[in-house]
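Let me begin by presenting the structure, written as structure tokens, before commenting on it.
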Amino acid sequence: MNKLVAIDLDGTMLNQYGVVTQKTKEAIERAQLKGIEVIIASGRPIDSIKTIAKEINSNKYFISGNGAIVYDIANDQIIYENTLKKQKTLDIIKICEENSFYYNIYTEKEILAKSLQANVLYYNKENLNKEEKDKTHINIVSDIYHYIQERDEKVLKITVCDSSKSIFNSIMRKLKEINDIEVLEVSHMSRKMIKQGTEDVPIEYFYTEISAKNVDKWNALQVLKNKMQIAEEQIVTIGDNLNDKMMIEKAKLGIAMGQSTPYVKEIADKITYSNIEDGVAYALDNLI
């Protein structure tokens, strides 16, 4: 029997506007009534996930920072972490600054950025429809290097973005020269939508995510498997991108979203509809 379903957020549980639809909420509730624990496994920081976990009535655990953090919601504490060391974070910031790469830092509580662009622009727009307590905390900092240097922040991941494919390829080459980090290999452009009045405005950019060595959602699920005393065969995963690759590949049942990158579809056991077609709801009701 399936006992745990781990679901990615962006591009998976959330639609193109960053919303959990009513149809998806109802499907999650039906799964929970059958005794299936539904948890979020996302790259977002802790406070951003807390809001959505509350919205779907997931009240035990979630995975943050692509597996850098496993969070115990009931006891309001981190039960596992594998975060970037300060010096490694500073080394990456220095490369980004010297090459004028746009980047942002995900700490356990907030996202640090120098300006509202790419993914941070999307989160900022998402915040406009939320109460203050439910917003993703974005901290615009002019000197991020100094900010990190002077504090003991837990850095979950660093996201580096650019709208130009050629510039992005040069970013990847430089990042791969750094030892003991994980650099996410994303070959396709991220496409999200924001509302400007009555118009849908696309936000498009190439990106990569940098984390500590061995950070992965599947590794974090191993921690939860032991904590919850369930078998690996009882874990189901749903995702859409390369940061979901291992958990889709390793789970007894790994489900890819309809709009997933081709490689993720190839390794999935099943494919559901896209995130704009309530693919998670369909998966919970028909595939699991």
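Scheme for the structure tokens: letters A, B, ... for chains in order shown; per-chain residue numbers from 1; ligand numbers from 1 in order shown.
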**OP:** Do a neighbour search on range 78-95 of chain A at 6 Å with only C-alpha atoms, toss out local chain neighbours closer than 3 positions, and write the hits as a ChimeraX atom specification.
**Re:** /A:68-71,98,155-156,212
From the list A:Lys157, A:Arg173, A:Lys125, A:Lys130, which residue is nearest Leu112 in chain A when using only C-alpha atoms?
->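 Of the candidates, the smallest distance to Leu112 in chain A is held by A:Lys157.
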In terms of only C-alpha atoms, the residue from A:Asp134, A:Asp285, A:Asp162, A:Asp72 at minimal distance from Tyr102 in chain A is A:Asp162
Could you make a table, as JSON lines, of the residues of range 217-241 of chain A that have an atom within 10 Å of an atom of range 259-281 of chain A, each with its nearest atom pair and distance in Å to one decimal, counting only C-alpha atoms, in chain and number order?
```
{"residue": "A:Thr237", "atom": "CA", "partner": "A:Ala268", "partner_atom": "CA", "distance": 9.6}
{"residue": "A:Ile238", "atom": "CA", "partner": "A:Val280", "partner_atom": "CA", "distance": 7.6}
{"residue": "A:Gly239", "atom": "CA", "partner": "A:Ser260", "partner_atom": "CA", "distance": 7.9}
{"residue": "A:Asp240", "atom": "CA", "partner": "A:Ser260", "partner_atom": "CA", "distance": 4.5}
{"residue": "A:Asn241", "atom": "CA", "partner": "A:Ser260", "partner_atom": "CA", "distance": 6.1}
```
Using only C-alpha atoms, the residue out of A:Lys109, A:Lys154, A:Arg191, A:Arg30 with shortest distance to Ile203 in chain A is A:Arg191
Can you pull out every residue within 12 Å of Asp47 in chain A, counting only C-alpha atoms, but drop anything in the same chain fewer than 4 positions away, and send it as a tab-separated table (two decimals) with C-alpha atoms, in the first residue's frame?
```tsv
chain	number	residue	atom	x	y	z
A	42	SER	CA	10.46	21.64	-3.18
A	43	GLY	CA	13.44	23.86	-3.86
A	51	THR	CA	2.24	28.52	3.70
A	52	ILE	CA	1.41	25.99	0.99
A	53	ALA	CA	1.67	23.02	3.37
A	54	LYS	CA	-0.93	24.70	5.57
A	62	PHE	CA	8.21	18.76	4.08
A	63	ILE	CA	11.45	18.88	2.10
A	64	SER	CA	13.02	22.27	1.36
A	65	GLY	CA	15.95	23.45	-0.76
A	71	TYR	CA	11.38	20.02	8.24
A	73	ILE	CA	6.04	20.97	10.84
A	76	ASP	CA	8.56	23.54	14.07
A	77	GLN	CA	12.14	22.33	13.65
A	106	TYR	CA	17.98	30.73	-0.71
A	107	THR	CA	18.42	30.69	3.07
A	108	GLU	CA	16.11	28.79	5.40
A	109	LYS	CA	13.94	31.90	5.89
A	110	GLU	CA	14.29	34.10	2.80
A	111	ILE	CA	15.61	34.68	-0.70
A	132	GLU	CA	1.99	39.29	4.91
A	133	LYS	CA	2.40	36.18	7.06
A	134	ASP	CA	2.12	33.91	4.01
A	135	LYS	CA	4.56	35.66	1.68
A	136	THR	CA	7.85	34.29	0.40
A	137	HIS	CA	10.34	36.58	2.12
A	138	ILE	CA	12.49	38.41	-0.41
```
Atomic separation - CA of Cys161 in chain A relative to CA of Glu182 in chain A, Å:
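Computing the Euclidean distance for CA of Glu182 in chain A and CA of Cys161 in chain A yields 16.0 Å.
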Minimum-distance residue to Ile39 in chain A, chosen among A:Asn214, A:Thr21, A:Asn169, A:Ser58 (using only C-alpha atoms):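 Of the candidates, the smallest distance to Ile39 in chain A is held by A:Ser58.
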- If you run DSSP on the backbone, which residues of range 34-233 of chain A are helix (DSSP H, G or I), as a ChimeraX atom specification? /A:46-55,65-67,86-98,118-127,132-134,144-149,165-175,217-228,232-233
Exercise. Please indicate the distance in Å from CA of Lys217 in chain A to CA of Asp244 in chain A, rounded to one decimal place.
Key: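 We find that CA of Lys217 in chain A and CA of Asp244 in chain A lie 6.9 Å from each other.
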- Would you mind writing down, as an MDAnalysis selection string, each residue of range 25-133 of chain A that DSSP on the backbone assigns to strand (DSSP E)? chainID A and resid 37:41 61:64 69:72 77:81 102:107 111:113
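Shortest separation to Asn2 in chain A among A:Glu232, A:Glu177, A:Glu204, A:Glu131 occurs at residue A:Glu232, atoms counted being only C-alpha atoms.
Residues lying within 9 Å of Ile288 in chain A, counting only C-alpha atoms and ignoring same-chain neighbours fewer than 5 positions away, are Asn2, Val236, Leu253 and Ala283 of chain A.
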Please produce a file of the residues just selected, as a PDB file, in the first residue's frame, where the atoms kept are N, CA, C and O atoms.
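Written out: part09.pdb:
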```
ATOM      1  N   ASN A   2       0.512   2.241  -0.799  1.00  0.00           N
ATOM      2  CA  ASN A   2       1.232   3.515  -0.802  1.00  0.00           C
ATOM      3  C   ASN A   2       0.933   4.292   0.478  1.00  0.00           C
ATOM      4  O   ASN A   2      -0.223   4.436   0.868  1.00  0.00           O
ATOM      5  N   VAL A 236       5.643   7.245  -3.275  1.00  0.00           N
ATOM      6  CA  VAL A 236       5.307   7.707  -4.624  1.00  0.00           C
ATOM      7  C   VAL A 236       5.823   9.135  -4.767  1.00  0.00           C
ATOM      8  O   VAL A 236       5.773   9.913  -3.811  1.00  0.00           O
ATOM      9  N   LEU A 253       6.924   4.114  -7.535  1.00  0.00           N
ATOM     10  CA  LEU A 253       6.092   4.742  -8.556  1.00  0.00           C
ATOM     11  C   LEU A 253       6.495   6.207  -8.683  1.00  0.00           C
ATOM     12  O   LEU A 253       6.259   7.014  -7.789  1.00  0.00           O
ATOM     13  N   ALA A 283      -3.273  12.512 -11.147  1.00  0.00           N
ATOM     14  CA  ALA A 283      -2.358  11.461 -10.680  1.00  0.00           C
ATOM     15  C   ALA A 283      -2.844  10.852  -9.376  1.00  0.00           C
ATOM     16  O   ALA A 283      -2.848   9.625  -9.201  1.00  0.00           O
TER      17      ALA A 283
END
```
Counting only C-alpha atoms, closest pick from A:Ile230, A:Cys96, A:Leu284, A:Ala27 relative to Tyr145 in chain A is A:Cys96
